[in-house]
file work-v7.cif (mmCIF, C-alpha atoms)
data_work
#
loop_
_atom_site.group_PDB
_atom_site.id
_atom_site.type_symbol
_atom_site.label_atom_id
_atom_site.label_comp_id
_atom_site.auth_asym_id
_atom_site.auth_seq_id
_atom_site.Cartn_x
_atom_site.Cartn_y
_atom_site.Cartn_z
ATOM 1 C CA MET L 11 110.555 124.715 117.496
ATOM 2 C CA GLN L 12 110.040 120.973 117.411
ATOM 3 C CA SER L 13 110.186 119.448 113.929
ATOM 4 C CA LYS L 14 107.066 117.751 112.588
ATOM 5 C CA VAL L 15 106.998 114.879 110.148
ATOM 6 C CA ALA L 16 104.549 116.761 107.897
ATOM 7 C CA VAL L 17 102.523 119.919 108.438
ATOM 8 C CA TRP L 18 101.024 120.608 105.006
ATOM 9 C CA PHE L 19 100.284 118.911 101.684
ATOM 10 C CA ASP L 20 99.140 120.037 98.234
ATOM 11 C CA ILE L 21 97.210 117.635 96.004
ATOM 12 C CA PRO L 22 97.499 118.562 92.302
ATOM 13 C CA VAL L 23 94.240 118.511 90.331
ATOM 14 C CA THR L 24 93.210 119.183 86.734
ATOM 15 C CA ASP L 25 89.457 119.479 87.367
ATOM 16 C CA MET L 26 88.733 121.251 90.663
ATOM 17 C CA ALA L 27 84.988 120.538 90.689
ATOM 18 C CA ARG L 28 85.540 116.819 90.046
ATOM 19 C CA ALA L 29 88.292 116.605 92.690
ATOM 20 C CA LYS L 30 86.204 118.418 95.312
ATOM 21 C CA GLN L 31 83.305 116.071 94.616
ATOM 22 C CA PHE L 32 85.561 113.001 94.926
ATOM 23 C CA TYR L 33 87.234 114.058 98.182
ATOM 24 C CA GLY L 34 83.969 115.381 99.590
ATOM 25 C CA GLU L 35 82.034 112.182 98.884
ATOM 26 C CA VAL L 36 84.814 109.728 99.760
ATOM 27 C CA PHE L 37 86.180 111.400 102.906
ATOM 28 C CA GLY L 38 83.428 113.853 103.866
ATOM 29 C CA PHE L 39 85.767 116.835 103.433
ATOM 30 C CA GLN L 40 84.491 120.381 103.117
ATOM 31 C CA PHE L 41 86.517 123.083 101.400
ATOM 32 C CA GLU L 42 87.315 126.774 101.508
ATOM 33 C CA ASP L 43 87.888 128.033 97.951
ATOM 34 C CA MET L 44 90.606 130.585 97.210
ATOM 35 C CA GLU L 45 92.759 131.997 94.415
ATOM 36 C CA MET L 46 96.431 132.936 94.683
ATOM 37 C CA ASN L 47 99.115 133.691 92.094
ATOM 38 C CA GLY L 48 96.933 132.434 89.237
ATOM 39 C CA MET L 49 96.148 129.153 90.983
ATOM 40 C CA THR L 50 92.760 127.820 92.027
ATOM 41 C CA MET L 51 92.800 126.199 95.452
ATOM 42 C CA ALA L 52 90.417 124.440 97.805
ATOM 43 C CA MET L 53 91.665 124.177 101.393
ATOM 44 C CA ILE L 54 90.451 121.097 103.224
ATOM 45 C CA GLN L 55 88.494 122.146 106.295
ATOM 46 C CA GLY L 56 89.434 119.853 109.135
ATOM 47 C CA ASP L 57 89.806 119.669 112.863
ATOM 48 C CA GLU L 58 92.539 121.280 114.924
ATOM 49 C CA SER L 59 95.187 118.718 113.943
ATOM 50 C CA ASP L 60 98.703 119.749 112.974
ATOM 51 C CA THR L 61 98.485 118.516 109.382
ATOM 52 C CA CYS L 62 96.296 120.125 106.752
ATOM 53 C CA GLY L 63 96.252 120.471 102.992
ATOM 54 C CA MET L 64 94.539 121.643 99.872
ATOM 55 C CA LEU L 65 93.637 120.768 96.321
ATOM 56 C CA VAL L 66 95.607 122.935 93.874
ATOM 57 C CA GLN L 67 95.003 123.587 90.173
ATOM 58 C CA GLY L 68 97.629 125.634 88.349
ATOM 59 C CA ASP L 69 100.948 125.726 86.532
ATOM 60 C CA GLY L 70 103.453 123.282 87.979
ATOM 61 C CA TYR L 71 100.788 121.132 89.662
ATOM 62 C CA GLU L 72 100.374 117.896 87.717
ATOM 63 C CA PRO L 73 98.572 114.851 89.142
ATOM 64 C CA SER L 74 100.787 111.773 89.336
ATOM 65 C CA ALA L 75 100.651 108.129 90.348
ATOM 66 C CA VAL L 76 104.349 108.231 91.317
ATOM 67 C CA GLY L 77 106.202 110.100 94.029
ATOM 68 C CA PRO L 78 105.207 110.805 97.637
ATOM 69 C CA VAL L 79 101.884 109.400 98.852
ATOM 70 C CA VAL L 80 99.495 111.226 101.185
ATOM 71 C CA TYR L 81 97.725 108.776 103.522
ATOM 72 C CA PHE L 82 94.259 109.578 104.859
ATOM 73 C CA GLY L 83 93.190 107.954 108.116
ATOM 74 C CA ALA L 84 89.830 106.374 108.874
ATOM 75 C CA ASP L 85 88.249 104.302 111.628
ATOM 76 C CA ASP L 86 87.944 101.497 109.047
ATOM 77 C CA LEU L 87 89.369 101.982 105.572
ATOM 78 C CA SER L 88 87.065 99.388 103.944
ATOM 79 C CA PRO L 89 84.018 101.684 103.497
ATOM 80 C CA VAL L 90 86.262 104.575 102.437
ATOM 81 C CA LEU L 91 87.924 102.405 99.792
ATOM 82 C CA ALA L 92 84.506 101.184 98.627
ATOM 83 C CA ARG L 93 83.309 104.790 98.194
ATOM 84 C CA ALA L 94 86.474 105.612 96.235
ATOM 85 C CA VAL L 95 85.962 102.612 93.919
ATOM 86 C CA GLU L 96 82.306 103.594 93.380
ATOM 87 C CA ARG L 97 83.629 106.944 92.120
ATOM 88 C CA GLY L 98 86.106 105.433 89.662
ATOM 89 C CA SER L 99 89.174 104.902 91.826
ATOM 90 C CA GLU L 100 91.672 102.283 90.684
ATOM 91 C CA VAL L 101 92.910 100.084 93.541
ATOM 92 C CA TYR L 102 96.671 99.516 93.415
ATOM 93 C CA VAL L 103 96.927 97.678 96.754
ATOM 94 C CA PRO L 104 93.764 96.307 98.427
ATOM 95 C CA LYS L 105 93.267 96.539 102.189
ATOM 96 C CA THR L 106 96.403 94.918 103.571
ATOM 97 C CA ASP L 107 97.352 93.985 107.135
ATOM 98 C CA ILE L 108 100.630 95.717 107.982
ATOM 99 C CA GLY L 109 101.244 93.161 110.728
ATOM 100 C CA GLU L 110 102.305 93.278 114.372
ATOM 101 C CA GLY L 111 99.132 95.168 115.325
ATOM 102 C CA MET L 112 100.096 98.223 113.273
ATOM 103 C CA GLY L 113 96.835 98.416 111.311
ATOM 104 C CA TYR L 114 95.915 98.273 107.641
ATOM 105 C CA PHE L 115 96.645 100.249 104.495
ATOM 106 C CA SER L 116 95.512 100.485 100.907
ATOM 107 C CA LEU L 117 96.701 102.417 97.853
ATOM 108 C CA CYS L 118 94.345 103.726 95.179
ATOM 109 C CA SER L 119 93.897 106.579 92.721
ATOM 110 C CA ASP L 120 91.863 109.715 93.228
ATOM 111 C CA SER L 121 89.669 111.324 90.559
ATOM 112 C CA GLU L 122 92.697 113.110 89.087
ATOM 113 C CA GLY L 123 95.056 110.140 88.797
ATOM 114 C CA ASN L 124 97.054 110.833 91.962
ATOM 115 C CA ARG L 125 98.076 107.814 94.027
ATOM 116 C CA ILE L 126 96.690 108.184 97.553
ATOM 117 C CA GLY L 127 96.909 105.995 100.623
ATOM 118 C CA LEU L 128 94.340 104.941 103.178
ATOM 119 C CA TYR L 129 95.183 103.855 106.719
ATOM 120 C CA SER L 130 93.186 102.446 109.636
ATOM 121 C CA MET L 131 93.736 100.349 112.723
ATOM 122 C CA ASN L 132 90.679 98.195 111.836
#

call {"tool": "encode", "arguments": {"input": "work-v7.cif", "output": "structure tokens"}}
result
Amino acid sequence: MQSKVAVWFDIPVTDMARAKQFYGEVFGFQFEDMEMNGMTMAMIQGDESDTCGMLVQGDGYEPSAVGPVVYFGADDLSPVLARAVERGSEVYVPKTDIGEGMGYFSLCSDSEGNRIGLYSMN
């Protein structure tokens, strides 16, 4: 088996309805709700890519602005960042040119206080 950089991610949330609304409105995500081991989860419905994830509410899942950052890709991160800000996101790093033709990134908060990243080539 070939190793992958990342194949799955969990995003901790404290208010599932609020988090689903944020991610749905900012990124256009749809979710499949489920329960497991006393946790409430919402799996992000995506394409056939190798990486997928879910929102998770339960013991041991605490939103945080420190630690690993999940980056979400877009054709142009500017409108995505604008939608996040309209929904209360705090911008930590505005749209920034990475340089050498490698695209752009931004860091902001989600509705739960997690630090998330945005990435685009434009």

call {"tool": "resolve_selection", "arguments": {"input": "work-v7.cif", "expression": "the PyMOL selection byres ((chain L and resi 79) around 7)", "output": "list of chain:residue names"}}
result
L:Gly77, L:Pro78, L:Val80, L:Tyr81, L:Arg125, L:Ile126, L:Gly127

call {"tool": "residues_around", "arguments": {"input": "work-v7.cif", "residues": "L:Gln67", "least_positions_apart": "3", "cutoff": "7 Å", "atoms": "only C-alpha atoms", "output": "ChimeraX atom specification"}}
result
/L:22-24,26,49-51,71

call {"tool": "residues_around", "arguments": {"input": "work-v7.cif", "residues": "L:Cys62", "least_positions_apart": "2", "cutoff": "12 Å", "atoms": "all atoms listed in the file", "output": "PyMOL selection string"}}
result
chain L and resi 16-21+39+41+52-60+64-65+80-82

call {"tool": "resolve_selection", "arguments": {"input": "work-v7.cif", "expression": "the PyMOL selection byres ((chain L and resi 74) around 9)", "output": "list in words"}}
result
Pro22, Glu72, Pro73, Ala75, Val76, Gly77, Glu122, Gly123, Asn124 and Arg125 of chain L

call {"tool": "atom_distance", "arguments": {"input": "work-v7.cif", "atom1": "atom CA of L:Gly48", "atom2": "atom CA of L:Val66"}}
result
10.7 Å

call {"tool": "residues_around", "arguments": {"input": "work-v7.cif", "residues": "L:Phe37", "least_positions_apart": "6", "cutoff": "10 Å", "atoms": "all atoms listed in the file", "output": "tab-separated table (two decimals) with C-alpha atoms, in the coordinates of the input"}}
result
chain	number	residue	atom	x	y	z
L	31	GLN	CA	83.30	116.07	94.62
L	82	PHE	CA	94.26	109.58	104.86
L	83	GLY	CA	93.19	107.95	108.12
L	84	ALA	CA	89.83	106.37	108.87
L	89	PRO	CA	84.02	101.68	103.50
L	90	VAL	CA	86.26	104.58	102.44
L	91	LEU	CA	87.92	102.40	99.79
L	93	ARG	CA	83.31	104.79	98.19
L	94	ALA	CA	86.47	105.61	96.24

call {"tool": "resolve_selection", "arguments": {"input": "work-v7.cif", "expression": "the PyMOL selection byres ((chain L and resi 118) around 6)", "output": "MDAnalysis selection string"}}
result
chainID L and resid 100:102 117 119 125:126

call {"tool": "closest_residue", "arguments": {"input": "work-v7.cif", "among": "L:Ser88, L:Glu110, L:Asp43, L:Ser13", "to": "L:Ser130", "atoms": "all atoms listed in the file"}}
result
L:Ser88

call {"tool": "closest_residue", "arguments": {"input": "work-v7.cif", "among": "L:Asp120, L:Asp69, L:Asn47, L:Lys105", "to": "L:Asp86", "atoms": "all atoms listed in the file"}}
result
L:Lys105

call {"tool": "atom_distance", "arguments": {"input": "work-v7.cif", "atom1": "atom CA of L:Leu87", "atom2": "atom CA of L:Ala27"}}
result
24.2 Å

call {"tool": "residues_around", "arguments": {"input": "work-v7.cif", "residues": "L:Met112", "least_positions_apart": "2", "cutoff": "10 Å", "atoms": "only C-alpha atoms", "output": "PDB file with C-alpha atoms, in the coordinates of the input"}}
result
ATOM      1  CA  ASP L 107      97.352  93.985 107.135  1.00  0.00           C
ATOM      2  CA  ILE L 108     100.630  95.717 107.982  1.00  0.00           C
ATOM      3  CA  GLY L 109     101.244  93.161 110.728  1.00  0.00           C
ATOM      4  CA  GLU L 110     102.305  93.278 114.372  1.00  0.00           C
ATOM      5  CA  TYR L 114      95.915  98.273 107.641  1.00  0.00           C
ATOM      6  CA  PHE L 115      96.645 100.249 104.495  1.00  0.00           C
ATOM      7  CA  TYR L 129      95.183 103.855 106.719  1.00  0.00           C
ATOM      8  CA  SER L 130      93.186 102.446 109.636  1.00  0.00           C
ATOM      9  CA  MET L 131      93.736 100.349 112.723  1.00  0.00           C
ATOM     10  CA  ASN L 132      90.679  98.195 111.836  1.00  0.00           C
TER      11      ASN L 132
END

call {"tool": "atom_distance", "arguments": {"input": "work-v7.cif", "atom1": "atom CA of L:Gly68", "atom2": "atom CA of L:Ala29"}}
result
13.7 Å

call {"tool": "decode", "arguments": {"input": "work-v7.cif", "residues": "chain L", "atoms": "C-alpha atoms", "output": "PDB file, in the first residue's frame"}}
result
ATOM      1  CA  MET L  11       0.000   0.000   0.000  1.00  0.00           C
ATOM      2  CA  GLN L  12       1.306   3.425  -0.918  1.00  0.00           C
ATOM      3  CA  SER L  13       1.329   5.917   1.956  1.00  0.00           C
ATOM      4  CA  LYS L  14      -0.839   9.019   1.651  1.00  0.00           C
ATOM      5  CA  VAL L  15      -0.119  12.372   3.214  1.00  0.00           C
ATOM      6  CA  ALA L  16      -3.617  12.484   4.747  1.00  0.00           C
ATOM      7  CA  VAL L  17      -6.700  10.350   4.187  1.00  0.00           C
ATOM      8  CA  TRP L  18      -9.109  11.548   6.883  1.00  0.00           C
ATOM      9  CA  PHE L  19      -9.721  14.463   9.248  1.00  0.00           C
ATOM     10  CA  ASP L  20     -12.037  15.161  12.185  1.00  0.00           C
ATOM     11  CA  ILE L  21     -13.071  18.736  12.971  1.00  0.00           C
ATOM     12  CA  PRO L  22     -14.135  19.155  16.624  1.00  0.00           C
ATOM     13  CA  VAL L  23     -17.346  21.125  17.190  1.00  0.00           C
ATOM     14  CA  THR L  24     -19.385  22.221  20.204  1.00  0.00           C
ATOM     15  CA  ASP L  25     -22.565  23.151  18.307  1.00  0.00           C
ATOM     16  CA  MET L  26     -23.239  20.730  15.441  1.00  0.00           C
ATOM     17  CA  ALA L  27     -26.079  22.737  13.879  1.00  0.00           C
ATOM     18  CA  ARG L  28     -24.009  25.940  13.866  1.00  0.00           C
ATOM     19  CA  ALA L  29     -20.946  24.147  12.447  1.00  0.00           C
ATOM     20  CA  LYS L  30     -22.957  22.444   9.695  1.00  0.00           C
ATOM     21  CA  GLN L  31     -24.478  25.789   8.747  1.00  0.00           C
ATOM     22  CA  PHE L  32     -21.041  27.457   8.642  1.00  0.00           C
ATOM     23  CA  TYR L  33     -19.350  24.763   6.545  1.00  0.00           C
ATOM     24  CA  GLY L  34     -22.416  24.355   4.348  1.00  0.00           C
ATOM     25  CA  GLU L  35     -22.720  28.070   3.584  1.00  0.00           C
ATOM     26  CA  VAL L  36     -18.994  28.813   3.294  1.00  0.00           C
ATOM     27  CA  PHE L  37     -17.879  25.747   1.314  1.00  0.00           C
ATOM     28  CA  GLY L  38     -21.148  24.339  -0.045  1.00  0.00           C
ATOM     29  CA  PHE L  39     -20.668  21.065   1.852  1.00  0.00           C
ATOM     30  CA  GLN L  40     -23.497  18.624   2.428  1.00  0.00           C
ATOM     31  CA  PHE L  41     -23.454  16.164   5.309  1.00  0.00           C
ATOM     32  CA  GLU L  42     -24.490  12.668   6.299  1.00  0.00           C
ATOM     33  CA  ASP L  43     -25.435  12.646   9.997  1.00  0.00           C
ATOM     34  CA  MET L  44     -24.503   9.706  12.220  1.00  0.00           C
ATOM     35  CA  GLU L  45     -23.997   8.688  15.845  1.00  0.00           C
ATOM     36  CA  MET L  46     -21.256   6.410  17.163  1.00  0.00           C
ATOM     37  CA  ASN L  47     -19.942   5.681  20.658  1.00  0.00           C
ATOM     38  CA  GLY L  48     -21.877   8.595  22.163  1.00  0.00           C
ATOM     39  CA  MET L  49     -20.586  11.073  19.591  1.00  0.00           C
ATOM     40  CA  THR L  50     -22.591  13.113  17.107  1.00  0.00           C
ATOM     41  CA  MET L  51     -20.986  13.263  13.679  1.00  0.00           C
ATOM     42  CA  ALA L  52     -21.626  14.822  10.292  1.00  0.00           C
ATOM     43  CA  MET L  53     -19.596  13.298   7.454  1.00  0.00           C
ATOM     44  CA  ILE L  54     -18.744  15.735   4.688  1.00  0.00           C
ATOM     45  CA  GLN L  55     -20.178  14.477   1.414  1.00  0.00           C
ATOM     46  CA  GLY L  56     -17.629  15.072  -1.298  1.00  0.00           C
ATOM     47  CA  ASP L  57     -16.348  13.760  -4.570  1.00  0.00           C
ATOM     48  CA  GLU L  58     -14.298  10.620  -5.076  1.00  0.00           C
ATOM     49  CA  SER L  59     -11.071  12.167  -3.760  1.00  0.00           C
ATOM     50  CA  ASP L  60      -8.797  10.311  -1.362  1.00  0.00           C
ATOM     51  CA  THR L  61      -9.248  12.729   1.540  1.00  0.00           C
ATOM     52  CA  CYS L  62     -12.487  13.114   3.453  1.00  0.00           C
ATOM     53  CA  GLY L  63     -13.574  14.176   6.909  1.00  0.00           C
ATOM     54  CA  MET L  64     -16.318  14.929   9.347  1.00  0.00           C
ATOM     55  CA  LEU L  65     -17.509  17.284  12.036  1.00  0.00           C
ATOM     56  CA  VAL L  66     -17.434  15.563  15.442  1.00  0.00           C
ATOM     57  CA  GLN L  67     -19.127  16.553  18.704  1.00  0.00           C
ATOM     58  CA  GLY L  68     -18.290  14.467  21.764  1.00  0.00           C
ATOM     59  CA  ASP L  69     -15.941  13.791  24.653  1.00  0.00           C
ATOM     60  CA  GLY L  70     -12.319  14.424  23.747  1.00  0.00           C
ATOM     61  CA  TYR L  71     -13.174  16.663  20.778  1.00  0.00           C
ATOM     62  CA  GLU L  72     -12.459  20.281  21.688  1.00  0.00           C
ATOM     63  CA  PRO L  73     -12.219  23.054  19.080  1.00  0.00           C
ATOM     64  CA  SER L  74      -8.840  24.786  19.063  1.00  0.00           C
ATOM     65  CA  ALA L  75      -7.000  27.594  17.315  1.00  0.00           C
ATOM     66  CA  VAL L  76      -3.677  25.772  17.830  1.00  0.00           C
ATOM     67  CA  GLY L  77      -2.343  22.509  16.464  1.00  0.00           C
ATOM     68  CA  PRO L  78      -2.670  20.993  12.986  1.00  0.00           C
ATOM     69  CA  VAL L  79      -4.546  23.009  10.358  1.00  0.00           C
ATOM     70  CA  VAL L  80      -6.886  21.511   7.757  1.00  0.00           C
ATOM     71  CA  TYR L  81      -6.685  23.438   4.464  1.00  0.00           C
ATOM     72  CA  PHE L  82      -9.694  23.575   2.146  1.00  0.00           C
ATOM     73  CA  GLY L  83      -9.069  24.204  -1.542  1.00  0.00           C
ATOM     74  CA  ALA L  84     -11.001  26.546  -3.810  1.00  0.00           C
ATOM     75  CA  ASP L  85     -10.719  27.930  -7.328  1.00  0.00           C
ATOM     76  CA  ASP L  86     -10.265  31.365  -5.711  1.00  0.00           C
ATOM     77  CA  LEU L  87     -10.102  31.655  -1.938  1.00  0.00           C
ATOM     78  CA  SER L  88     -11.220  35.320  -1.876  1.00  0.00           C
ATOM     79  CA  PRO L  89     -14.998  34.659  -2.106  1.00  0.00           C
ATOM     80  CA  VAL L  90     -14.703  31.722   0.303  1.00  0.00           C
ATOM     81  CA  LEU L  91     -12.891  33.898   2.842  1.00  0.00           C
ATOM     82  CA  ALA L  92     -15.496  36.642   2.369  1.00  0.00           C
ATOM     83  CA  ARG L  93     -18.314  34.161   3.092  1.00  0.00           C
ATOM     84  CA  ALA L  94     -16.474  32.968   6.210  1.00  0.00           C
ATOM     85  CA  VAL L  95     -16.041  36.553   7.471  1.00  0.00           C
ATOM     86  CA  GLU L  96     -19.738  37.278   6.817  1.00  0.00           C
ATOM     87  CA  ARG L  97     -20.489  34.365   9.163  1.00  0.00           C
ATOM     88  CA  GLY L  98     -18.252  35.605  11.978  1.00  0.00           C
ATOM     89  CA  SER L  99     -14.884  34.135  11.042  1.00  0.00           C
ATOM     90  CA  GLU L 100     -11.796  35.845  12.435  1.00  0.00           C
ATOM     91  CA  VAL L 101      -9.033  36.242   9.839  1.00  0.00           C
ATOM     92  CA  TYR L 102      -5.599  35.361  11.222  1.00  0.00           C
ATOM     93  CA  VAL L 103      -3.728  35.645   7.903  1.00  0.00           C
ATOM     94  CA  PRO L 104      -5.376  37.409   4.927  1.00  0.00           C
ATOM     95  CA  LYS L 105      -5.021  36.054   1.392  1.00  0.00           C
ATOM     96  CA  THR L 106      -1.266  35.771   0.955  1.00  0.00           C
ATOM     97  CA  ASP L 107       0.820  34.941  -2.116  1.00  0.00           C
ATOM     98  CA  ILE L 108       2.990  31.926  -1.298  1.00  0.00           C
ATOM     99  CA  GLY L 109       5.364  32.903  -4.102  1.00  0.00           C
ATOM    100  CA  GLU L 110       7.070  31.104  -6.978  1.00  0.00           C
ATOM    101  CA  GLY L 111       3.707  30.339  -8.607  1.00  0.00           C
ATOM    102  CA  MET L 112       2.602  28.096  -5.740  1.00  0.00           C
ATOM    103  CA  GLY L 113      -0.722  29.855  -5.131  1.00  0.00           C
ATOM    104  CA  TYR L 114      -2.302  31.632  -2.184  1.00  0.00           C
ATOM    105  CA  PHE L 115      -3.355  30.790   1.353  1.00  0.00           C
ATOM    106  CA  SER L 116      -5.275  32.294   4.229  1.00  0.00           C
ATOM    107  CA  LEU L 117      -5.895  31.284   7.844  1.00  0.00           C
ATOM    108  CA  CYS L 118      -9.145  32.003   9.671  1.00  0.00           C
ATOM    109  CA  SER L 119     -11.450  30.608  12.339  1.00  0.00           C
ATOM    110  CA  ASP L 120     -14.537  28.508  11.802  1.00  0.00           C
ATOM    111  CA  SER L 121     -17.790  28.908  13.749  1.00  0.00           C
ATOM    112  CA  GLU L 122     -16.404  26.768  16.583  1.00  0.00           C
ATOM    113  CA  GLY L 123     -13.068  28.527  17.080  1.00  0.00           C
ATOM    114  CA  ASN L 124     -10.951  26.055  15.107  1.00  0.00           C
ATOM    115  CA  ARG L 125      -8.172  27.517  12.970  1.00  0.00           C
ATOM    116  CA  ILE L 126      -8.693  26.463   9.350  1.00  0.00           C
ATOM    117  CA  GLY L 127      -6.752  27.158   6.186  1.00  0.00           C
ATOM    118  CA  LEU L 128      -7.836  28.112   2.699  1.00  0.00           C
ATOM    119  CA  TYR L 129      -5.773  27.461  -0.424  1.00  0.00           C
ATOM    120  CA  SER L 130      -6.118  28.375  -4.101  1.00  0.00           C
ATOM    121  CA  MET L 131      -3.935  28.861  -7.138  1.00  0.00           C
ATOM    122  CA  ASN L 132      -5.726  32.167  -7.929  1.00  0.00           C
TER     123      ASN L 132
END
